[in-house]
$ cat coords_11.cif   # mmCIF, C-alpha atoms
data_entry
#
loop_
_atom_site.label_atom_id
_atom_site.label_comp_id
_atom_site.auth_asym_id
_atom_site.auth_seq_id
_atom_site.Cartn_x
_atom_site.Cartn_y
_atom_site.Cartn_z
CA MET A 1 -5.06 -4.15 16.24
CA GLN A 2 -4.91 -6.01 12.93
CA ILE A 3 -1.79 -7.61 11.48
CA GLY A 4 -0.94 -8.01 7.81
CA VAL A 5 2.05 -9.44 5.99
CA HIS A 6 3.97 -8.59 2.83
CA LEU A 7 3.83 -11.03 -0.07
CA PRO A 8 7.08 -12.43 -1.55
CA HIS A 9 6.71 -10.78 -4.97
CA ILE A 10 10.22 -9.29 -5.06
CA GLY A 11 13.47 -10.96 -6.09
CA ARG A 12 14.28 -14.46 -7.28
CA LYS A 13 11.73 -16.11 -5.00
CA ALA A 14 8.83 -14.33 -6.69
CA THR A 15 7.04 -17.00 -8.72
CA PRO A 16 3.33 -17.65 -9.33
CA GLU A 17 3.43 -20.67 -7.04
CA VAL A 18 5.15 -18.76 -4.25
CA VAL A 19 2.69 -15.86 -4.35
CA THR A 20 -0.23 -18.29 -4.19
CA ARG A 21 1.35 -20.26 -1.36
CA ALA A 22 2.06 -17.14 0.68
CA ALA A 23 -1.41 -15.65 0.19
CA VAL A 24 -3.13 -18.88 1.17
CA GLN A 25 -0.86 -19.26 4.20
CA ALA A 26 -1.71 -15.74 5.40
CA GLU A 27 -5.41 -16.47 5.13
CA GLU A 28 -5.12 -19.81 6.91
CA LEU A 29 -3.11 -18.23 9.73
CA GLY A 30 -5.82 -15.64 10.30
CA LEU A 31 -3.81 -12.62 9.24
CA ALA A 32 -5.88 -9.61 8.19
CA ASP A 33 -4.32 -8.79 4.84
CA VAL A 34 -1.52 -9.34 2.32
CA TRP A 35 0.54 -6.52 0.82
CA VAL A 36 2.69 -5.63 -2.16
CA SER A 37 5.12 -2.81 -2.97
CA GLU A 38 6.11 -1.09 -6.20
CA HIS A 39 9.03 -0.20 -8.38
CA VAL A 40 8.54 -0.11 -12.14
CA ILE A 41 12.06 0.48 -13.42
CA LEU A 42 15.35 1.08 -11.62
CA PRO A 43 18.80 2.47 -12.39
CA LYS A 44 21.31 -0.34 -12.91
CA ASP A 45 23.40 0.55 -9.84
CA ALA A 46 20.57 1.61 -7.51
CA PRO A 47 21.52 0.72 -3.90
CA TYR A 48 17.86 0.20 -2.97
CA PRO A 49 15.69 -1.79 -3.30
CA PRO A 50 17.83 -4.91 -2.91
CA SER A 51 16.47 -6.49 -6.13
CA PRO A 52 15.28 -4.95 -9.40
CA ALA A 53 12.92 -7.92 -9.85
CA PHE A 54 9.42 -6.71 -8.90
CA LEU A 55 6.21 -8.38 -9.99
CA GLU A 56 3.69 -5.66 -10.87
CA PRO A 57 1.70 -5.01 -7.68
CA ILE A 58 -1.92 -4.77 -8.84
CA LEU A 59 -1.61 -7.86 -11.03
CA THR A 60 0.05 -9.67 -8.12
CA LEU A 61 -2.88 -8.80 -5.85
CA ALA A 62 -5.31 -10.04 -8.49
CA TRP A 63 -3.42 -13.34 -8.52
CA ALA A 64 -3.55 -13.50 -4.71
CA ALA A 65 -7.24 -12.61 -4.71
CA ALA A 66 -8.04 -15.56 -6.95
CA ALA A 67 -6.42 -17.95 -4.45
CA THR A 68 -8.10 -16.52 -1.33
CA LYS A 69 -11.51 -15.52 -0.03
CA ARG A 70 -11.04 -13.36 3.07
CA VAL A 71 -7.70 -11.55 3.37
CA ARG A 72 -7.68 -7.93 2.31
CA LEU A 73 -5.35 -6.85 -0.48
CA GLY A 74 -3.12 -3.82 0.11
CA THR A 75 -0.48 -1.77 -1.69
CA SER A 76 2.44 -0.44 0.35
CA VAL A 77 2.66 1.69 -1.67
CA ILE A 78 1.76 2.52 -5.26
CA VAL A 79 3.69 5.62 -6.31
CA LEU A 80 0.56 7.37 -7.49
CA PRO A 81 2.05 10.38 -9.35
CA MET A 82 4.03 8.06 -11.66
CA HIS A 83 0.77 6.67 -13.10
CA HIS A 84 -1.99 8.20 -15.14
CA PRO A 85 -4.97 8.04 -12.76
CA VAL A 86 -7.59 6.91 -15.29
CA PRO A 87 -6.22 3.38 -15.94
CA ILE A 88 -5.29 3.07 -12.26
CA ALA A 89 -8.92 3.84 -11.36
CA LYS A 90 -10.12 1.15 -13.76
CA GLN A 91 -7.66 -1.45 -12.47
CA LEU A 92 -8.55 -0.87 -8.83
CA ALA A 93 -12.30 -0.79 -9.46
CA THR A 94 -11.94 -4.13 -11.26
CA LEU A 95 -9.83 -5.64 -8.48
CA GLN A 96 -12.31 -4.41 -5.87
CA THR A 97 -15.18 -6.01 -7.77
CA LEU A 98 -13.41 -9.31 -8.48
CA SER A 99 -12.15 -9.61 -4.88
CA LYS A 100 -15.56 -8.69 -3.43
CA GLY A 101 -14.42 -5.56 -1.67
CA ARG A 102 -11.02 -6.45 -0.21
CA VAL A 103 -8.77 -3.69 -1.59
CA ILE A 104 -6.79 -1.14 0.44
CA PHE A 105 -5.07 1.38 -1.81
CA GLY A 106 -1.89 2.57 -0.13
CA ILE A 107 -0.25 5.44 -2.02
CA GLY A 108 2.90 7.52 -1.81
CA VAL A 109 4.55 10.35 -3.73
CA GLY A 110 7.79 8.49 -4.45
CA TRP A 111 11.45 9.35 -4.02
CA LEU A 112 13.41 7.95 -6.99
CA GLU A 113 13.78 10.73 -9.56
CA ALA A 114 15.25 8.47 -12.24
CA GLU A 115 12.13 6.29 -12.13
CA PHE A 116 9.91 9.34 -12.74
CA SER A 117 12.14 10.35 -15.65
CA ALA A 118 11.84 6.91 -17.21
CA LEU A 119 8.06 7.22 -17.07
CA GLY A 120 8.01 10.77 -18.40
CA VAL A 121 6.55 12.35 -15.25
CA PRO A 122 7.97 15.59 -13.74
CA PHE A 123 9.52 14.66 -10.40
CA ARG A 124 9.01 18.10 -8.86
CA GLU A 125 5.28 17.98 -9.53
CA ARG A 126 4.74 14.69 -7.73
CA GLY A 127 2.94 16.11 -4.70
CA ARG A 128 0.55 18.23 -6.74
CA ARG A 129 -0.08 15.36 -9.15
CA THR A 130 -0.84 13.09 -6.21
CA ASP A 131 -3.48 15.45 -4.84
CA GLU A 132 -5.09 15.84 -8.25
CA SER A 133 -5.01 12.08 -8.81
CA ILE A 134 -6.76 11.40 -5.50
CA ALA A 135 -9.56 13.78 -6.44
CA LEU A 136 -9.88 12.26 -9.91
CA LEU A 137 -9.91 8.69 -8.59
CA ARG A 138 -12.74 9.51 -6.21
CA ALA A 139 -14.69 11.21 -9.01
CA LEU A 140 -14.23 8.30 -11.41
CA TRP A 141 -15.35 5.82 -8.76
CA SER A 142 -18.45 7.71 -7.67
CA GLN A 143 -19.83 9.86 -10.51
CA ASP A 144 -21.67 8.62 -13.58
CA PRO A 145 -21.22 10.37 -15.91
CA VAL A 146 -18.11 12.16 -14.71
CA THR A 147 -16.65 15.53 -15.67
CA PHE A 148 -13.25 16.49 -14.28
CA LYS A 149 -10.91 19.29 -15.26
CA THR A 150 -7.23 18.54 -14.64
CA ARG A 151 -4.22 20.79 -14.36
CA TYR A 152 -1.33 18.36 -14.16
CA TRP A 153 -2.57 15.40 -16.23
CA ALA A 154 -3.05 15.71 -19.97
CA THR A 155 -6.54 14.27 -20.05
CA GLN A 156 -9.97 15.51 -21.05
CA ILE A 157 -12.92 14.05 -19.14
CA GLU A 158 -16.26 15.58 -20.07
CA GLU A 159 -19.50 13.69 -19.44
CA MET A 160 -17.83 10.27 -19.58
CA ARG A 161 -18.59 6.90 -18.00
CA MET A 162 -16.37 4.33 -16.32
CA GLN A 163 -18.28 1.16 -15.46
CA PRO A 164 -18.59 -0.80 -13.33
CA PRO A 165 -17.85 1.26 -10.23
CA PRO A 166 -16.04 -0.46 -7.34
CA SER A 167 -18.29 -2.96 -5.56
CA ALA A 168 -17.49 -1.12 -2.30
CA PRO A 169 -15.62 2.11 -1.49
CA ILE A 170 -11.84 1.71 -1.79
CA PRO A 171 -10.00 3.11 1.26
CA LEU A 172 -6.98 5.27 0.44
CA TRP A 173 -4.10 5.19 2.93
CA VAL A 174 -1.21 7.55 2.34
CA GLY A 175 2.38 6.81 3.27
CA GLY A 176 5.13 9.19 4.31
CA SER A 177 5.94 11.20 7.44
CA SER A 178 6.54 14.66 5.97
CA GLU A 179 4.30 17.56 6.92
CA ARG A 180 2.65 17.44 3.51
CA ALA A 181 2.07 13.67 3.73
CA LEU A 182 0.39 13.97 7.13
CA GLU A 183 -1.76 16.85 5.88
CA ARG A 184 -2.70 14.80 2.81
CA ALA A 185 -3.64 11.86 5.01
CA VAL A 186 -6.10 13.72 7.21
CA LYS A 187 -7.57 15.97 4.52
CA LEU A 188 -7.79 13.72 1.48
CA CYS A 189 -7.45 10.08 2.56
CA ASP A 190 -8.95 7.38 4.77
CA GLY A 191 -5.81 6.40 6.64
CA TRP A 192 -2.10 6.89 7.22
CA HIS A 193 0.39 4.12 6.44
CA GLY A 194 3.66 5.11 8.08
CA SER A 195 6.82 3.21 7.29
CA ARG A 196 9.67 1.98 9.48
CA LEU A 197 9.02 4.20 12.49
CA THR A 198 9.62 2.95 16.01
CA ALA A 199 6.67 3.06 18.37
CA ASP A 200 8.27 5.96 20.22
CA ALA A 201 8.69 7.92 16.99
CA ALA A 202 5.20 7.04 15.79
CA ALA A 203 3.39 7.92 19.03
CA PRO A 204 3.40 11.74 18.63
CA VAL A 205 2.43 11.43 14.96
CA ILE A 206 -0.47 9.15 15.86
CA LYS A 207 -1.60 11.53 18.59
CA ARG A 208 -1.52 14.42 16.15
CA LEU A 209 -3.48 12.52 13.50
CA ARG A 210 -6.07 11.35 16.01
CA THR A 211 -6.61 14.90 17.22
CA VAL A 212 -7.67 15.90 13.71
CA ARG A 213 -9.28 12.60 12.66
CA PRO A 214 -10.77 10.88 15.73
CA ASP A 215 -13.31 8.99 13.62
CA LYS A 216 -12.97 5.23 13.43
CA THR A 217 -13.17 5.35 9.65
CA PHE A 218 -9.63 6.80 9.62
CA THR A 219 -7.09 3.99 9.99
CA ILE A 220 -3.60 4.40 11.40
CA SER A 221 -1.27 1.76 10.00
CA LEU A 222 2.47 1.21 10.27
CA ARG A 223 4.87 -0.86 8.23
CA THR A 224 7.73 -2.70 9.90
CA SER A 225 10.02 -5.62 9.10
CA PHE A 226 11.07 -8.81 10.88
CA ASP A 227 14.10 -11.03 10.38
CA GLY A 228 12.52 -14.05 12.05
CA LYS A 229 15.14 -14.33 14.79
CA ASP A 230 13.39 -13.10 17.94
CA PRO A 231 9.60 -13.55 18.08
CA ALA A 232 9.51 -12.19 21.64
CA GLU A 233 11.03 -8.93 20.45
CA LEU A 234 8.48 -8.73 17.64
CA SER A 235 5.62 -9.34 20.07
CA GLU A 236 6.94 -6.59 22.32
CA ARG A 237 7.27 -4.25 19.33
CA LEU A 238 3.71 -4.96 18.20
CA GLY A 239 2.48 -4.29 21.72
CA ALA A 240 4.27 -0.96 21.74
CA TYR A 241 2.65 0.00 18.44
CA ARG A 242 -0.75 -0.97 19.84
CA ASP A 243 -0.16 1.10 22.96
CA ALA A 244 0.87 4.05 20.77
CA GLY A 245 -2.54 3.90 19.11
CA ALA A 246 -1.95 1.99 15.88
CA ASP A 247 -4.93 0.20 14.35
CA HIS A 248 -2.96 -1.95 11.94
CA ILE A 249 0.60 -3.20 11.40
CA MET A 250 2.00 -4.67 8.20
CA VAL A 251 5.11 -6.79 8.73
CA GLN A 252 7.56 -7.59 5.94
CA PRO A 253 9.73 -10.70 6.40
CA GLU A 254 13.37 -10.15 5.50
CA ASP A 255 14.14 -13.72 4.39
CA ARG A 256 15.42 -14.47 0.90
CA ASP A 257 14.68 -18.19 0.96
CA ILE A 258 10.96 -18.89 0.61
CA ASP A 259 10.85 -21.66 3.22
CA ASP A 260 12.48 -19.34 5.74
CA TRP A 261 9.98 -16.65 4.70
CA MET A 262 7.03 -18.94 5.37
CA ARG A 263 8.38 -19.87 8.81
CA THR A 264 8.84 -16.20 9.60
CA VAL A 265 5.21 -15.51 8.64
CA GLU A 266 4.13 -18.21 11.12
CA LYS A 267 6.07 -16.39 13.84
CA ILE A 268 4.47 -13.09 12.82
CA ALA A 269 1.01 -14.61 13.07
CA ARG A 270 1.74 -16.03 16.53
CA ALA A 271 3.12 -12.71 17.76
CA GLY A 272 0.21 -10.83 16.25
CA SER A 273 -2.39 -13.09 17.85
CA MET A 274 -1.34 -11.74 21.24
CA HIS A 275 -2.36 -8.20 20.26
#

$ encode --input "coords_11.cif" --output "structure tokens"
Amino acid sequence: MQIGVHLPHIGRKATPEVVTRAAVQAEELGLADVWVSEHVILPKDAPYPPSPAFLEPILTLAWAAAATKRVRLGTSVIVLPMHHPVPIAKQLATLQTLSKGRVIFGIGVGWLEAEFSALGVPFRERGRRTDESIALLRALWSQDPVTFKTRYWATQIEEMRMQPPPSAPIPLWVGGSSERALERAVKLCDGWHGSRLTADAAAPVIKRLRTVRPDKTFTISLRTSFDGKDPAELSERLGAYRDAGADHIMVQPEDRDIDDWMRTVEKIARAGSMH
């Protein structure tokens, strides 16, 4: 089982120096990958996330890529239906090429209706737009020239070229635990990236996914958090995820102070090395 860690690109601690320091630390500790999340714009009184200060995720991963050589670079998650898929395809193909094949594209359908409204995207079409975007991304990355007829995106792609293609295939992992999200994972994507489920809650979902997608190319990943207080509990939790059948765990430290964050990442790496 592989272990990744979230980068501190949210809130007051998110500075260029901090992102570099955290990415380099993760690589030196032997962690598998570093991760970012996304919110573009938030209502003033939104109760979540805890801070409206978010560095843009793909640019943050490009910054981390320049400071590292080995760790993979993941999104947990990009809210795909909020974004026009053509520029997203270009950004990710570029990041994949510049990082020499280290990108994992985690996607979700989103939940914050006001954010969709601010970006001019119909909230109630988000699932259908996600499915169409996945198909268009794969076409843009693999066909030259490409022709693609869309229903939900106002775009016309007829015998067009987008170069260069990604230097290696970009795995798509989908988040969410709804019936539609699980169906999307096994039918359209390369992995499932569940969030904040206990091992007991995740076990039947993992069993179900593995029944349909037993191939090793399909990755089962879970996102969890850690407050840094009890490394033994974290180690036990990681072991339970492993026993449930998870291939990968991404852990997000909960610390606000960057020095505390870095110490928590050291504890995560030690706990992860046992599994």

$ resolve_selection --input "coords_11.cif" --expression "the PyMOL selection byres ((chain A and resi 92-109) around 9)" --output "NGL selection string"
:A and (33 or 58-59 or 61-62 or 65-66 or 68-82 or 87-91 or 110-111 or 126-127 or 129-130 or 141 or 163-176 or 181 or 191-193)

$ residues_around --input "coords_11.cif" --residues "Gly272 (chain A)" --least-positions-apart "4" --cutoff "7 Å" --atoms "all atoms listed in the file" --output "PyMOL selection string"
chain A and resi 3+235+268

$ residues_around --input "coords_11.cif" --residues "Gln156 (chain A)" --least-positions-apart "4" --cutoff "12 Å" --atoms "all atoms listed in the file" --output "PDB file with C-alpha atoms, in the frame of the given file"
ATOM      1  CA  VAL A  86      -7.590   6.910 -15.290  1.00  0.00           C
ATOM      2  CA  LEU A 136      -9.880  12.260  -9.910  1.00  0.00           C
ATOM      3  CA  VAL A 146     -18.110  12.160 -14.710  1.00  0.00           C
ATOM      4  CA  THR A 147     -16.650  15.530 -15.670  1.00  0.00           C
ATOM      5  CA  PHE A 148     -13.250  16.490 -14.280  1.00  0.00           C
ATOM      6  CA  LYS A 149     -10.910  19.290 -15.260  1.00  0.00           C
ATOM      7  CA  THR A 150      -7.230  18.540 -14.640  1.00  0.00           C
ATOM      8  CA  ARG A 151      -4.220  20.790 -14.360  1.00  0.00           C
ATOM      9  CA  TYR A 152      -1.330  18.360 -14.160  1.00  0.00           C
ATOM     10  CA  MET A 160     -17.830  10.270 -19.580  1.00  0.00           C
TER      11      MET A 160
END

$ residues_around --input "coords_11.cif" --residues "Val34 (chain A)" --least-positions-apart "3" --cutoff "6 Å" --atoms "all atoms listed in the file" --output "JSON, numbers by chain"
{"A": [4, 5, 6, 73]}

$ write_last_selection --input "coords_11.cif" --atoms "C-alpha atoms" --output "PDB file, keeping the file's coordinate frame"
ATOM      1  CA  GLY A   4      -0.940  -8.010   7.810  1.00  0.00           C
ATOM      2  CA  VAL A   5       2.050  -9.440   5.990  1.00  0.00           C
ATOM      3  CA  HIS A   6       3.970  -8.590   2.830  1.00  0.00           C
ATOM      4  CA  LEU A  73      -5.350  -6.850  -0.480  1.00  0.00           C
TER       5      LEU A  73
END

$ closest_residue --input "coords_11.cif" --among "A:Phe54, A:Tyr48, A:Phe123, A:Trp63" --to "His9 (chain A)" --atoms "only C-alpha atoms"
A:Phe54

$ atom_distance --input "coords_11.cif" --atom1 "CA of His83 (chain A)" --atom2 "CA of Pro52 (chain A)"
19.0 Å

$ closest_residue --input "coords_11.cif" --among "A:Lys229, A:Arg237, A:Arg161, A:Lys267" --to "Arg196 (chain A)" --atoms "all atoms listed in the file"
A:Arg237

$ resolve_selection --input "coords_11.cif" --expression "the PyMOL selection byres ((chain A and resi 183) around 12)" --output "compact mmCIF listing (two decimals) with C-alpha atoms, in the coordinates of the input"
# COMPACT_ATOMS: atom_id res chain seq x y z
CA GLY A 127 2.94 16.11 -4.70
CA ASP A 131 -3.48 15.45 -4.84
CA VAL A 174 -1.21 7.55 2.34
CA GLY A 175 2.38 6.81 3.27
CA GLY A 176 5.13 9.19 4.31
CA SER A 177 5.94 11.20 7.44
CA SER A 178 6.54 14.66 5.97
CA GLU A 179 4.30 17.56 6.92
CA ARG A 180 2.65 17.44 3.51
CA ALA A 181 2.07 13.67 3.73
CA LEU A 182 0.39 13.97 7.13
CA ARG A 184 -2.70 14.80 2.81
CA ALA A 185 -3.64 11.86 5.01
CA VAL A 186 -6.10 13.72 7.21
CA LYS A 187 -7.57 15.97 4.52
CA LEU A 188 -7.79 13.72 1.48
CA CYS A 189 -7.45 10.08 2.56
CA ASP A 190 -8.95 7.38 4.77
CA GLY A 191 -5.81 6.40 6.64
CA TRP A 192 -2.10 6.89 7.22
CA VAL A 205 2.43 11.43 14.96
CA ARG A 208 -1.52 14.42 16.15
CA LEU A 209 -3.48 12.52 13.50
CA VAL A 212 -7.67 15.90 13.71
CA ARG A 213 -9.28 12.60 12.66

$ atom_distance --input "coords_11.cif" --atom1 "CA of Pro145 (chain A)" --atom2 "CA of Glu159 (chain A)"
5.1 Å

$ atom_distance --input "coords_11.cif" --atom1 "CA of Pro231 (chain A)" --atom2 "CA of Pro204 (chain A)"
26.0 Å

$ closest_residue --input "coords_11.cif" --among "A:His84, A:Arg12, A:Arg270, A:Arg242" --to "Ser221 (chain A)" --atoms "all atoms listed in the file"
A:Arg242

$ closest_residue --input "coords_11.cif" --among "A:Gly228, A:Pro122, A:Pro214, A:Gly194" --to "Met250 (chain A)" --atoms "all atoms listed in the file"
A:Gly194

$ resolve_selection --input "coords_11.cif" --expression "the PyMOL selection byres ((chain A and resi 275) around 12)" --output "ChimeraX atom specification"
/A:1-3,31,234-243,246-249,268-274

$ closest_residue --input "coords_11.cif" --among "A:Gly120, A:Arg128, A:Met162, A:Ala23" --to "Leu140 (chain A)" --atoms "all atoms listed in the file"
A:Met162

$ closest_residue --input "coords_11.cif" --among "A:Val36, A:Leu197, A:Leu55, A:Ala244" --to "Leu222 (chain A)" --atoms "all atoms listed in the file"
A:Leu197

$ axis_aligned_box --input "coords_11.cif" --around "region 220-235 of chain A" --padding-each-side "8 Å" --output "AutoDock Vina command-line options"
--center_x 5.8 --center_y -5.0 --center_z 14.9 --size_x 34.7 --size_y 34.7 --size_z 29.4
